[in-house]
>>> print(open('protein-v8.cif').read())   # mmCIF, C-alpha atoms
data_upload
#
loop_
_atom_site.label_atom_id
_atom_site.label_comp_id
_atom_site.auth_asym_id
_atom_site.auth_seq_id
_atom_site.Cartn_x
_atom_site.Cartn_y
_atom_site.Cartn_z
CA MET A 90 118.86 110.82 44.44
CA LYS A 91 120.98 112.78 41.98
CA ILE A 92 121.86 112.50 38.31
CA ASP A 93 125.46 113.24 37.39
CA PRO A 94 125.02 115.89 34.66
CA ASP A 95 128.41 115.08 33.13
CA THR A 96 127.55 111.39 32.76
CA CYS A 97 123.88 111.66 31.67
CA VAL A 98 123.40 111.45 27.90
CA ALA A 99 119.81 112.78 27.97
CA CYS A 100 118.38 109.64 26.36
CA GLY A 101 115.18 109.89 28.44
CA SER A 102 115.03 106.14 29.21
CA CYS A 103 114.61 106.87 32.92
CA ILE A 104 111.72 109.32 32.63
CA PRO A 105 108.80 106.84 32.85
CA VAL A 106 110.33 104.64 35.56
CA CYS A 107 109.94 107.15 38.41
CA PRO A 108 106.84 106.25 40.48
CA VAL A 109 106.17 109.91 41.30
CA GLY A 110 107.16 111.50 37.98
CA ALA A 111 110.09 113.41 39.50
CA ILE A 112 112.48 113.12 36.53
CA GLU A 113 112.43 115.71 33.76
CA LEU A 114 114.45 115.90 30.57
CA GLY A 115 116.35 119.14 30.02
CA ASP A 116 118.39 120.20 26.96
CA ALA A 117 121.61 118.50 27.99
CA ASN A 118 120.61 116.02 30.68
CA ALA A 119 117.80 114.64 32.82
CA ARG A 120 117.09 116.29 36.18
CA ILE A 121 115.38 115.14 39.39
CA SER A 122 113.00 117.48 41.20
CA ARG A 123 114.18 117.40 44.83
CA ASP A 124 110.75 118.42 46.00
CA SER A 125 108.95 115.59 44.19
CA CYS A 126 111.53 112.81 44.64
CA VAL A 127 110.65 110.36 47.45
CA GLU A 128 114.08 108.64 47.44
CA CYS A 129 112.59 105.23 46.59
CA GLY A 130 115.68 104.23 44.59
CA VAL A 131 113.72 102.81 41.64
CA CYS A 132 115.55 104.94 39.05
CA GLU A 133 118.96 103.72 40.21
CA ARG A 134 117.91 100.05 40.43
CA SER A 135 115.85 100.03 37.23
CA GLY A 136 118.70 99.10 34.93
CA PHE A 137 117.33 101.54 32.33
CA CYS A 138 120.14 104.12 32.49
CA PRO A 139 122.73 103.12 29.86
CA VAL A 140 125.53 105.11 31.54
CA ASP A 141 124.84 104.64 35.28
CA ALA A 142 124.29 108.35 35.85
CA PHE A 143 122.21 107.97 39.04
CA GLU A 144 123.92 108.63 42.38
CA LYS A 145 122.40 107.67 45.71
CA GLU A 146 123.05 110.45 48.24
CA GLU A 147 123.71 110.29 51.97
CA LEU A 148 120.54 111.89 53.33
CA SER A 149 120.43 114.06 56.39
CA TRP A 150 117.40 114.57 58.66
CA PRO A 151 114.60 115.21 57.90
CA ARG A 152 115.01 114.20 54.23
CA GLY A 153 116.13 110.72 55.31
CA ILE A 154 112.54 109.94 56.29
CA ARG A 155 111.71 109.84 52.56
CA ARG A 156 113.97 106.86 51.92
CA ALA A 157 112.91 105.08 55.10
CA PHE A 158 109.26 105.14 54.04
CA SER A 159 109.71 104.80 50.28
CA ASP A 160 112.53 102.36 49.61
CA PRO A 161 111.62 98.77 50.64
CA MET A 162 115.32 97.95 50.66
CA SER A 163 115.88 100.29 53.62
CA THR A 164 115.15 99.02 57.13
CA PHE A 165 113.41 100.85 59.95
CA GLU A 166 115.43 100.67 63.18
CA SER A 167 112.24 100.38 65.24
CA THR A 168 110.96 97.29 63.42
CA GLN A 169 114.09 95.75 61.90
CA VAL A 170 111.72 94.97 59.07
CA SER A 171 112.33 96.20 55.56
CA GLY A 172 109.56 98.42 54.26
CA ARG A 173 107.19 100.83 55.94
CA GLY A 174 104.95 98.52 57.91
CA THR A 175 105.22 95.53 60.22
CA MET A 176 104.56 91.80 60.10
CA GLU A 177 100.94 92.68 61.07
CA MET A 178 98.75 89.56 60.54
CA LYS A 179 101.29 87.60 58.53
CA THR A 180 102.80 86.00 61.62
CA ASN A 181 99.69 86.21 63.80
CA ASP A 182 99.81 82.44 64.34
CA VAL A 183 102.91 83.00 66.51
CA THR A 184 102.39 86.55 67.83
CA ASN A 185 98.64 86.55 68.55
CA ARG A 186 98.73 90.27 67.88
CA PHE A 187 95.08 90.05 66.80
CA GLU A 188 92.76 88.02 69.04
CA TYR A 189 89.14 87.00 68.55
CA GLY A 190 86.97 90.04 69.29
CA GLU A 191 89.55 92.45 67.91
CA ILE A 192 89.72 94.15 64.53
CA GLY A 193 92.96 95.30 62.97
CA LEU A 194 92.77 98.29 60.65
CA ALA A 195 95.40 99.82 58.41
CA PHE A 196 95.17 103.07 56.48
CA GLU A 197 97.79 103.18 53.73
CA LEU A 198 98.25 106.78 52.63
CA GLY A 199 99.63 107.35 49.13
CA ARG A 200 98.80 103.84 47.91
CA PRO A 201 98.37 103.11 45.08
CA GLY A 202 101.09 105.17 43.49
CA THR A 203 100.23 108.77 44.37
CA GLY A 204 102.59 109.40 47.29
CA THR A 205 101.77 111.53 50.32
CA LYS A 206 103.18 114.26 52.51
CA ILE A 207 103.78 113.24 56.12
CA SER A 208 101.46 116.08 57.21
CA GLU A 209 98.51 114.21 55.67
CA ILE A 210 98.94 111.38 58.19
CA GLU A 211 98.17 113.73 61.09
CA LYS A 212 94.76 114.42 59.60
CA LEU A 213 93.91 110.87 60.68
CA THR A 214 96.14 110.26 63.71
CA VAL A 215 94.99 113.37 65.63
CA PRO A 216 91.24 112.63 65.46
CA LEU A 217 91.88 108.92 66.04
CA ALA A 218 93.90 109.63 69.20
CA SER A 219 91.11 111.77 70.62
CA LEU A 220 88.19 109.51 69.69
CA ALA A 221 86.00 109.53 72.81
CA ASP A 222 85.28 106.23 74.58
CA VAL A 223 87.22 104.15 72.06
CA GLU A 224 90.58 102.63 72.89
CA VAL A 225 92.58 102.92 69.66
CA LYS A 226 95.75 100.85 70.02
CA PHE A 227 98.33 102.10 67.55
CA GLU A 228 100.65 99.24 66.53
CA PRO A 229 103.77 99.75 68.69
CA GLU A 230 106.23 98.41 66.09
CA ASN A 231 104.87 100.54 63.25
CA PRO A 232 107.16 103.37 62.06
CA VAL A 233 104.35 105.97 62.14
CA THR A 234 103.52 105.05 65.75
CA ASN A 235 107.16 105.54 66.64
CA LEU A 236 107.06 109.08 65.27
CA ILE A 237 103.84 110.36 66.90
CA ASP A 238 102.76 111.24 70.41
CA GLU A 239 100.09 108.59 70.93
CA GLU A 240 98.14 110.86 73.32
CA THR A 241 97.70 113.65 70.77
CA GLY A 242 98.36 111.84 67.49
CA LYS A 243 100.79 114.61 66.49
CA PHE A 244 104.24 114.03 65.06
CA GLU A 245 106.80 114.89 67.70
CA ASP A 246 109.36 116.19 65.19
CA ARG A 247 107.58 118.93 63.28
CA GLU A 248 110.44 119.15 60.78
CA ILE A 249 109.22 116.04 58.94
CA LEU A 250 105.71 117.29 58.11
CA ASP A 251 106.64 118.67 54.69
CA GLU A 252 108.54 115.56 53.61
CA LYS A 253 106.99 113.48 50.83
CA VAL A 254 106.98 109.67 50.85
CA LEU A 255 105.68 106.98 48.50
CA THR A 256 103.35 105.52 51.13
CA ALA A 257 102.91 105.53 54.88
CA ILE A 258 100.88 102.94 56.76
CA LEU A 259 98.95 103.68 59.92
CA GLU A 260 98.26 100.41 61.78
CA LEU A 261 95.94 100.03 64.76
CA LYS A 262 93.54 97.67 66.44
CA VAL A 263 90.27 98.15 68.30
CA LYS A 264 87.63 96.01 69.95
CA GLU A 265 85.23 94.62 67.36
CA GLU A 266 82.34 96.68 68.71
CA ASP A 267 84.37 99.90 68.30
CA ALA A 268 85.37 99.30 64.68
CA PRO A 269 82.31 101.14 63.23
CA ARG A 270 83.30 104.32 65.11
CA VAL A 271 86.80 104.23 63.60
CA LEU A 272 85.55 103.46 60.10
CA SER A 273 82.98 106.24 60.35
CA LEU A 274 85.62 108.72 61.53
CA PHE A 275 87.83 107.72 58.62
CA LYS A 276 85.00 108.34 56.15
CA ASP A 277 84.47 111.81 57.69
CA LYS A 278 88.14 112.79 57.42
CA VAL A 279 89.32 111.20 54.18
CA ALA A 280 87.75 113.88 51.97
CA ASP A 281 90.17 116.41 53.51
CA LEU A 282 93.24 114.39 52.51
CA ASP A 283 95.36 115.42 49.56
CA THR A 284 96.12 111.80 48.68
CA VAL A 285 94.50 108.39 48.30
CA VAL A 286 94.18 105.83 51.08
CA SER A 287 93.96 102.04 50.74
CA VAL A 288 92.13 100.51 53.69
CA ASP A 289 92.78 97.06 55.20
CA LEU A 290 90.87 95.05 57.80
CA ILE A 291 92.32 92.14 59.79
CA THR A 292 90.23 89.53 61.61
CA ARG A 293 90.37 86.02 62.98
CA GLU A 294 86.66 85.52 62.31
CA THR A 295 86.23 83.37 59.20
CA GLU A 296 83.73 80.94 57.70
CA ALA A 297 84.01 78.27 55.00
CA ASP A 298 84.81 80.61 52.12
CA GLY A 299 86.04 83.89 53.56
CA PRO A 300 85.33 86.44 56.28
CA ALA A 301 82.58 85.55 58.78
CA GLU A 302 79.12 86.95 58.06
CA LYS A 303 79.35 89.42 60.94
CA ILE A 304 82.59 90.82 59.46
CA VAL A 305 81.00 91.12 56.02
CA ASN A 306 78.09 92.94 57.66
CA LEU A 307 80.46 95.24 59.55
CA ILE A 308 82.18 96.18 56.31
CA GLU A 309 79.03 96.64 54.25
CA GLU A 310 77.06 98.50 56.92
CA ASN A 311 79.87 101.04 57.05
CA ASN A 312 79.74 101.49 53.26
CA PHE A 313 83.08 99.93 52.42
CA GLU A 314 83.73 97.67 49.45
CA LEU A 315 84.82 94.12 50.37
CA ARG A 316 87.17 92.76 47.75
CA ILE A 317 87.13 89.05 46.86
CA ASN A 318 90.88 88.60 47.37
CA GLY A 319 93.17 89.09 50.31
CA LYS A 320 95.75 87.47 52.53
CA THR A 321 95.32 84.34 54.62
CA CYS A 322 97.74 83.28 57.36
CA ILE A 323 97.31 79.49 57.35
CA GLY A 324 98.42 78.62 60.86
CA LEU A 325 101.66 76.73 60.22
CA GLY A 326 103.80 78.94 62.49
CA LYS A 327 105.02 77.72 65.87
CA GLU A 328 107.20 79.18 68.61
CA ALA A 329 110.73 77.83 68.32
CA MET B 246 103.95 95.38 54.92
CA THR B 247 100.63 94.62 53.33
CA HIS B 248 102.10 94.64 49.87
CA SER B 249 100.29 91.66 48.32
CA LEU B 250 96.84 92.71 49.58
CA HIS B 251 95.66 95.29 47.07
CA ARG B 252 95.90 93.43 43.76
CA THR B 253 92.99 94.43 41.55
CA GLY B 254 91.26 92.89 38.55
CA ASP B 255 88.36 90.62 37.75
CA ARG B 256 87.90 87.20 39.27
CA GLU B 257 89.20 85.39 36.20
CA GLY B 258 92.50 87.29 36.36
CA LEU B 259 92.88 87.05 40.13
CA GLU B 260 92.33 83.28 39.99
CA LYS B 261 95.60 83.07 38.06
CA ASP B 262 97.55 84.97 40.69
CA TYR B 263 98.66 83.49 44.03
CA CYS B 264 101.48 84.71 46.28
CA VAL B 265 102.94 82.35 48.88
CA LEU B 266 104.87 84.22 51.58
CA VAL B 267 106.97 82.47 54.25
CA LEU B 268 107.82 84.58 57.28
CA PRO B 269 109.82 83.78 60.42
CA HIS B 270 109.15 86.31 63.19
CA LYS B 271 112.11 88.01 64.84
CA GLY B 272 112.60 86.87 68.41
CA ILE B 273 110.07 84.02 68.14
CA ASN B 274 111.13 81.51 65.51
CA ASP B 275 113.87 83.14 63.47
CA GLU B 276 116.87 81.71 65.29
CA GLY B 277 118.42 78.93 63.26
CA ALA B 278 115.73 79.33 60.61
CA ARG B 279 118.05 79.55 57.59
CA PRO B 280 118.28 75.79 56.82
CA LYS B 281 114.49 75.55 56.98
CA LEU B 282 114.07 78.57 54.74
CA ILE B 283 116.46 77.08 52.21
CA LYS B 284 114.40 73.85 52.13
CA ILE B 285 111.25 75.93 51.66
CA LEU B 286 112.87 77.84 48.78
CA ASP B 287 113.75 74.48 47.19
CA ILE B 288 110.11 73.36 47.50
CA MET B 289 108.88 76.63 46.00
CA GLU B 290 111.33 76.40 43.11
CA SER B 291 110.47 72.78 42.34
CA HIS B 292 106.91 73.83 41.43
CA ASP B 293 107.94 76.23 38.67
CA PRO B 294 106.97 79.61 40.17
CA VAL B 295 106.28 82.62 37.96
CA ASN B 296 108.44 84.66 40.30
CA LEU B 297 110.49 83.81 43.39
CA SER B 298 112.60 85.81 45.81
CA ASP B 299 114.16 86.36 49.17
CA GLN B 300 112.50 89.68 49.98
CA MET B 301 115.25 90.58 52.46
CA THR B 302 117.91 90.75 49.76
CA GLY B 303 115.70 92.05 46.95
CA LYS B 304 117.00 89.26 44.72
CA THR B 305 114.14 87.99 42.60
CA LYS B 306 113.69 85.94 39.46
CA GLY B 307 111.81 88.90 37.98
CA ARG B 308 115.00 90.94 38.41
CA ASN B 309 116.95 88.24 36.57
CA PHE B 310 118.66 86.63 39.55
CA GLU B 311 119.36 82.90 39.19
CA PHE B 312 117.76 80.61 41.78
CA GLU B 313 121.13 79.51 43.20
CA GLU B 314 122.13 83.13 43.77
CA ILE B 315 118.84 83.91 45.53
CA LYS B 316 119.32 80.85 47.73
CA ASN B 317 123.00 81.28 48.49
CA SER B 318 122.71 84.93 49.46
CA MET B 319 119.93 84.34 51.97
CA GLY B 320 121.05 85.36 55.44
CA ASP B 321 120.03 84.04 58.84
CA TYR B 322 116.77 85.95 58.48
CA GLY B 323 115.14 85.53 55.07
CA LEU B 324 111.68 85.90 53.59
CA PRO B 325 111.03 83.40 50.77
CA TYR B 326 108.22 84.54 48.46
CA ALA B 327 106.85 82.84 45.35
CA VAL B 328 104.10 83.50 42.83
CA TYR B 329 102.02 80.78 41.13
CA ARG B 330 99.34 80.67 38.47
CA ASP B 331 96.90 78.09 39.81
CA LYS B 332 95.57 76.84 43.09
CA GLU B 333 96.43 73.19 42.38
CA THR B 334 100.12 74.09 42.35
CA VAL B 335 99.76 76.18 45.52
CA GLN B 336 98.08 73.19 47.13
CA LYS B 337 101.08 70.99 46.31
CA VAL B 338 103.51 73.61 47.66
CA ILE B 339 101.54 73.96 50.90
CA ARG B 340 101.31 70.17 51.35
CA GLU B 341 105.10 69.88 51.10
CA ILE B 342 105.73 72.80 53.44
CA LYS B 343 103.30 71.34 55.97
CA LYS B 344 104.92 67.92 55.67
CA GLY B 345 108.31 69.53 56.45
CA ASP B 346 106.87 70.80 59.76
CA PHE B 347 109.08 73.89 59.65
CA GLY B 348 107.00 75.85 62.17
CA ILE B 349 107.29 79.07 60.18
CA SER B 350 104.30 81.26 59.29
CA VAL B 351 102.90 80.95 55.77
CA VAL B 352 100.56 83.42 54.10
CA ILE B 353 98.68 82.89 50.84
CA SER B 354 97.40 85.89 48.89
CA GLY B 355 94.60 85.23 46.45
CA VAL B 356 90.84 84.97 46.01
CA PHE B 357 89.58 83.92 49.47
CA GLU B 358 87.13 81.32 48.19
CA GLU B 359 89.88 79.61 46.18
CA VAL B 360 92.48 79.83 48.96
CA PHE B 361 90.06 78.43 51.55
CA SER B 362 89.07 75.60 49.21
CA LEU B 363 92.67 74.61 48.49
CA LEU B 364 93.29 74.44 52.24
CA ASN B 365 90.20 72.31 52.86
CA ASP B 366 91.12 69.92 50.06
CA SER B 367 94.73 69.52 51.12
CA GLU B 368 94.68 66.35 53.21
CA ASP B 369 93.64 65.11 56.64
CA ASN B 370 94.21 67.69 59.34
CA PRO B 371 94.80 70.45 56.78
CA PRO B 372 96.15 73.94 57.49
CA PHE B 373 93.40 76.38 58.40
CA PRO B 374 92.68 80.07 57.86
CA HIS B 375 94.12 81.42 61.11
CA THR B 376 93.84 85.15 60.36
CA ILE B 377 92.77 87.03 57.26
CA ASN B 378 93.49 90.48 55.88
CA THR B 379 90.85 91.99 53.62
CA ALA B 380 91.08 95.03 51.35
CA LEU B 381 88.35 97.65 51.73
CA GLY B 382 89.03 99.71 48.63
CA VAL B 383 90.75 103.00 47.80
CA HIS B 384 89.41 106.25 49.23
CA GLY B 385 90.18 109.95 49.15
CA LYS B 386 91.62 111.79 46.16
CA GLU B 387 90.58 109.17 43.62
CA GLU B 388 90.90 111.66 40.75
CA ALA B 389 94.68 111.23 41.14
CA LEU B 390 94.43 107.57 40.14
CA PRO B 391 95.04 106.28 36.60
CA GLU B 392 92.71 104.02 34.64
CA PRO B 393 91.78 100.70 36.32
CA GLU B 394 93.74 98.84 33.62
CA ILE B 395 96.97 100.59 34.67
CA LEU B 396 96.23 99.83 38.32
CA GLU B 397 95.62 96.16 37.54
CA ILE B 398 99.24 95.87 36.45
CA ALA B 399 100.69 98.34 38.98
CA THR B 400 99.13 96.72 42.06
CA MET B 401 101.03 93.49 41.42
CA CYS B 402 103.92 95.38 43.03
CA GLY B 403 102.36 96.40 46.32
CA HIS B 404 105.15 98.78 47.24
CA GLY B 405 104.22 100.94 44.25
CA LEU B 406 107.61 100.65 42.58
CA VAL B 407 106.16 99.87 39.14
CA SER B 408 105.22 103.37 38.06
CA HIS B 409 101.97 104.18 36.30
CA ASN B 410 103.98 106.13 33.71
CA LEU B 411 106.18 103.10 32.98
CA ILE B 412 103.10 100.93 32.39
CA ARG B 413 101.54 103.56 30.12
CA ASP B 414 104.83 103.94 28.21
CA ARG B 415 105.16 100.19 27.72
CA LEU B 416 101.50 99.85 26.69
CA GLU B 417 102.12 102.45 23.98
CA LYS B 418 105.24 100.61 22.83
CA VAL B 419 103.42 97.26 22.70
CA ALA B 420 100.57 98.93 20.79
CA ASN B 421 102.92 100.42 18.20
CA GLY B 422 104.84 97.17 17.89
CA SER B 423 108.22 98.45 19.12
CA ILE B 424 108.36 95.89 21.99
CA THR B 425 106.53 92.68 22.87
CA ALA B 426 104.08 92.28 25.74
CA GLN B 427 106.56 89.84 27.29
CA LYS B 428 109.30 92.51 27.27
CA ALA B 429 106.89 95.07 28.77
CA ALA B 430 106.04 92.63 31.58
CA GLU B 431 109.73 91.93 32.22
CA ASP B 432 110.54 95.66 32.39
CA CYS B 433 107.90 96.04 35.08
CA ALA B 434 108.91 92.92 37.02
CA GLN B 435 112.45 94.28 37.19
CA GLN B 436 111.25 97.13 39.48
CA CYS B 437 109.57 94.87 42.08
CA VAL B 438 112.13 94.03 44.79
CA CYS B 439 109.81 91.66 46.69
CA GLY B 440 109.42 89.29 43.77
CA ILE B 441 105.62 89.18 43.96
CA PHE B 442 105.03 90.71 40.51
CA ASN B 443 103.25 88.14 38.37
CA THR B 444 105.06 88.45 35.04
CA LYS B 445 102.85 85.97 33.18
CA ARG B 446 99.63 87.72 34.22
CA ALA B 447 101.23 91.07 33.32
CA LYS B 448 102.14 89.79 29.85
CA GLU B 449 98.50 88.79 29.27
CA LEU B 450 97.31 92.18 30.51
CA PHE B 451 99.79 94.05 28.28
CA ASP B 452 98.51 92.04 25.33
CA LEU B 453 94.90 92.81 26.22
CA PHE B 454 95.18 96.46 27.28
CA SER B 455 97.56 97.51 24.48
CA ASP B 456 94.61 96.68 22.26
CA THR B 457 91.68 97.96 24.33
CA LEU B 458 93.27 100.98 26.03
CA MET B 459 95.63 102.30 23.37
CA ASN B 460 93.53 101.84 20.22
#
>>> encode(input="protein-v8.cif", output="structure tokens")
Amino acid sequence: MKIDPDTCVACGSCIPVCPVGAIELGDANARISRDSCVECGVCERSGFCPVDAFEKEELSWPRGIRRAFSDPMSTFESTQVSGRGTMEMKTNDVTNRFEYGEIGLAFELGRPGTGTKISEIEKLTVPLASLADVEVKFEPENPVTNLIDEETGKFEDREILDEKVLTAILELKVKEEDAPRVLSLFKDKVADLDTVVSVDLITRETEADGPAEKIVNLIEENNFELRINGKTCIGLGKEA
Amino acid sequence: MTHSLHRTGDREGLEKDYCVLVLPHKGINDEGARPKLIKILDIMESHDPVNLSDQMTGKTKGRNFEFEEIKNSMGDYGLPYAVYRDKETVQKVIREIKKGDFGISVVISGVFEEVFSLLNDSEDNPPFPHTINTALGVHGKEEALPEPEILEIATMCGHGLVSHNLIRDRLEKVANGSITAQKAAEDCAQQCVCGIFNTKRAKELFDLFSDTLMN
């Protein structure tokens, strides 16, 4: 993203709108830090600039990865879904991506609102890929999966490691009995990350008022907080 | 795309915050889905949503798009989303969608106990919790996070497009009387392209936190 210095009137209206604080006010106009900007497009869409000084740039590789992960209005070619993730459990009533006996896990780096460098993702994907005696199935439609070597967990294109994005979601599933190993590994590695991570768990096991007791136990025994709210796919989907 | 999962707050606040997401799946039930999605949008709109959108176009009520424009610009593949304030209304919306037998996946975000109870009370042969997604908290560099009050507003846009700095700026402006809490909530809703930002809840939070956080 750029600001046209000849158009900008240095009013400062745009400064707070940037999710990563990349806009600064100079003497004559506002400026965007290219290093900090994640190309999310919020500043341009916000409607706060009184003179339309923001200009969306054509981005070359590897900078283009910033927009792909950060701007929900861009679409990943691999998923044809806008945003940085997949349909995960939302259409599980027609995909059966998650069966009984399986646990879906997602690690959302940079959420809420801190952003992350792509290199941080490898700090989880590499140890996950080499976890002994556990079959970690990275979600094949997920953009991160499409960028890593699933055997090693390393990004194939090393040029992207320094790029910064608003969030990146790592999606995987494991057998229910293997979930504690993955959660424990995450707890071991997360302290080394230079960002925050929101963690999600997907299951088909439910009882009258929420997750089944064995899922609650799984979460609590691994020292995670179970929040009272979440998403429920209510089984109205059918194959056409 | 787990954007409605990580909404924070106390139970009282979360019980006034429900997202209903309708999602055809590409290659399974998306072909010819548009007329069904339009009918679903009509159902959603008839129950006075706080916010409503087609996530594929980014046109939302919170971004000041009229309902007819949201509806008319929906393509062959659309994602109707709506936000409601109470479970009784969500129950009515779900009943009508089920009655239409559209065969398209529906997800409700909200307090599990309330969502499960509204399903159970729906009618004979009600919808059922097929699969759930639970949030297990935020980990890692937590010192980079703002106050929980800021997060309570920010997490209503799961993509993180409502910046913490914008919320802080608007809280200050509400506190010093230069804008209303309603205007602050609208400024934030304008950034959320999925249309799941709950403007009414945000207005209440701006009223509350401009007092407790800024004074």
>>> atom_distance(input="protein-v8.cif", atom1="atom CA of A:Gly110", atom2="atom CA of B:Phe451")
21.3 Å
>>> interface_residues(input="protein-v8.cif", of="chain B", to="chain A", cutoff="7 Å", atoms="only C-alpha atoms", output="JSON, numbers by chain")
{"B": [246, 250, 268, 270, 273, 274, 303, 348, 349, 350, 351, 352, 353, 354, 355, 356, 357, 358, 361, 372, 373, 374, 375, 376, 377, 378, 379, 380, 381, 382, 383, 384, 385, 386, 387, 389, 405, 406, 407, 408, 409, 410, 411, 414, 435, 436]}
>>> closest_residue(input="protein-v8.cif", among="A:Glu146, A:Glu211, A:Glu224, A:Glu240", to="A:Lys91", atoms="only C-alpha atoms")
A:Glu146
>>> atom_distance(input="protein-v8.cif", atom1="atom CA of B:Leu396", atom2="atom CA of B:Glu257")
16.2 Å
>>> atom_distance(input="protein-v8.cif", atom1="atom CA of A:Asp222", atom2="atom CA of A:Glu209")
24.4 Å
>>> closest_atom_pairs(input="protein-v8.cif", of="stretch 310-428 of chain B", to="stretch 280-286 of chain B", cutoff="10 Å", atoms="only C-alpha atoms", output="Markdown table")
| residue | atom | partner | partner_atom | distance |
| --- | --- | --- | --- | --- |
| B:Phe312 | CA | B:Leu286 | CA | 9.0 |
| B:Ile315 | CA | B:Leu286 | CA | 9.1 |
| B:Lys316 | CA | B:Ile283 | CA | 6.5 |
| B:Asn317 | CA | B:Ile283 | CA | 8.6 |
| B:Met319 | CA | B:Ile283 | CA | 8.1 |
| B:Gly320 | CA | B:Leu282 | CA | 9.8 |
| B:Asp321 | CA | B:Pro280 | CA | 8.7 |
| B:Tyr322 | CA | B:Leu282 | CA | 8.7 |
| B:Gly323 | CA | B:Leu282 | CA | 7.0 |
| B:Leu324 | CA | B:Leu282 | CA | 7.8 |
| B:Pro325 | CA | B:Leu286 | CA | 6.2 |
| B:Tyr326 | CA | B:Leu286 | CA | 8.2 |
| B:Ala327 | CA | B:Leu286 | CA | 8.5 |
| B:Val338 | CA | B:Ile285 | CA | 9.0 |
| B:Ile339 | CA | B:Ile285 | CA | 9.9 |
| B:Glu341 | CA | B:Ile285 | CA | 8.6 |
| B:Ile342 | CA | B:Ile285 | CA | 6.6 |
| B:Gly345 | CA | B:Ile285 | CA | 8.5 |
| B:Asp346 | CA | B:Lys281 | CA | 9.4 |
| B:Phe347 | CA | B:Lys281 | CA | 6.3 |
| B:Gly348 | CA | B:Lys281 | CA | 9.1 |
| B:Ile349 | CA | B:Lys281 | CA | 8.6 |
>>> write_last_selection(input="protein-v8.cif", atoms="C-alpha atoms", output="short mmCIF file (atom, residue, chain, number, x, y, z; two decimals), in the coordinates of the input")
data_model
loop_
_atom_site.label_atom_id
_atom_site.label_comp_id
_atom_site.auth_asym_id
_atom_site.auth_seq_id
_atom_site.Cartn_x
_atom_site.Cartn_y
_atom_site.Cartn_z
CA PHE B 312 117.76 80.61 41.78
CA ILE B 315 118.84 83.91 45.53
CA LYS B 316 119.32 80.85 47.73
CA ASN B 317 123.00 81.28 48.49
CA MET B 319 119.93 84.34 51.97
CA GLY B 320 121.05 85.36 55.44
CA ASP B 321 120.03 84.04 58.84
CA TYR B 322 116.77 85.95 58.48
CA GLY B 323 115.14 85.53 55.07
CA LEU B 324 111.68 85.90 53.59
CA PRO B 325 111.03 83.40 50.77
CA TYR B 326 108.22 84.54 48.46
CA ALA B 327 106.85 82.84 45.35
CA VAL B 338 103.51 73.61 47.66
CA ILE B 339 101.54 73.96 50.90
CA GLU B 341 105.10 69.88 51.10
CA ILE B 342 105.73 72.80 53.44
CA GLY B 345 108.31 69.53 56.45
CA ASP B 346 106.87 70.80 59.76
CA PHE B 347 109.08 73.89 59.65
CA GLY B 348 107.00 75.85 62.17
CA ILE B 349 107.29 79.07 60.18
#
>>> closest_residue(input="protein-v8.cif", among="B:Pro294, B:Gly422, B:Pro371, B:Gly258", to="B:Ser455", atoms="all atoms listed in the file")
B:Gly422
>>> resolve_selection(input="protein-v8.cif", expression="the PyMOL selection byres ((chain A and resi 246) around 12)", output="PyMOL selection string")
chain A and resi 150-151+154+207-208+233+235-238+243-245+247-252
>>> residues_around(input="protein-v8.cif", residues="A:Asp277", least_positions_apart="5", cutoff="12 Å", atoms="only C-alpha atoms", output="MDAnalysis selection string")
(chainID A and resid 212:213 216:217 270:272 282 311) or (chainID B and resid 384:385)
>>> residues_near_point(input="protein-v8.cif", point="(105.7, 90.8, 29.4)", cutoff="7 Å", atoms="all atoms listed in the file", output="VMD selection string")
chain B and resid 425 to 431 444 to 445 447 to 448 451
>>> resolve_selection(input="protein-v8.cif", expression="the PyMOL selection byres ((chain B and resi 309) around 10)", output="ChimeraX atom specification")
/B:296,304-308,310-312,431,434-435
>>> closest_residue(input="protein-v8.cif", among="A:Ile192, A:Ala157, A:Leu274, A:Lys303", to="A:Glu260", atoms="only C-alpha atoms")
A:Ile192
>>> closest_residue(input="protein-v8.cif", among="B:Tyr329, B:Asn370, B:Leu416, B:Gly254", to="B:Ser291", atoms="only C-alpha atoms")
B:Tyr329
>>> decode(input="protein-v8.cif", residues="stretch 241-256 of chain A", atoms="C-alpha atoms", output="PDB file, in the first residue's frame")
ATOM      1  CA  THR A 241       9.978 -31.666   6.846  1.00  0.00           C
ATOM      2  CA  GLY A 242       7.492 -28.923   7.731  1.00  0.00           C
ATOM      3  CA  LYS A 243       9.776 -26.359   6.059  1.00  0.00           C
ATOM      4  CA  PHE A 244       8.614 -23.702   3.638  1.00  0.00           C
ATOM      5  CA  GLU A 245       9.766 -24.650   0.167  1.00  0.00           C
ATOM      6  CA  ASP A 246      10.294 -21.045  -0.949  1.00  0.00           C
ATOM      7  CA  ARG A 247      12.738 -19.575   1.557  1.00  0.00           C
ATOM      8  CA  GLU A 248      12.186 -16.078   0.153  1.00  0.00           C
ATOM      9  CA  ILE A 249       8.890 -15.718   2.029  1.00  0.00           C
ATOM     10  CA  LEU A 250      10.243 -16.305   5.552  1.00  0.00           C
ATOM     11  CA  ASP A 251      10.816 -12.620   6.303  1.00  0.00           C
ATOM     12  CA  GLU A 252       7.394 -11.515   5.064  1.00  0.00           C
ATOM     13  CA  LYS A 253       4.938 -10.266   7.673  1.00  0.00           C
ATOM     14  CA  VAL A 254       1.224 -11.128   7.624  1.00  0.00           C
ATOM     15  CA  LEU A 255      -1.757 -10.277   9.808  1.00  0.00           C
ATOM     16  CA  THR A 256      -2.447 -13.916  10.657  1.00  0.00           C
TER      17      THR A 256
END
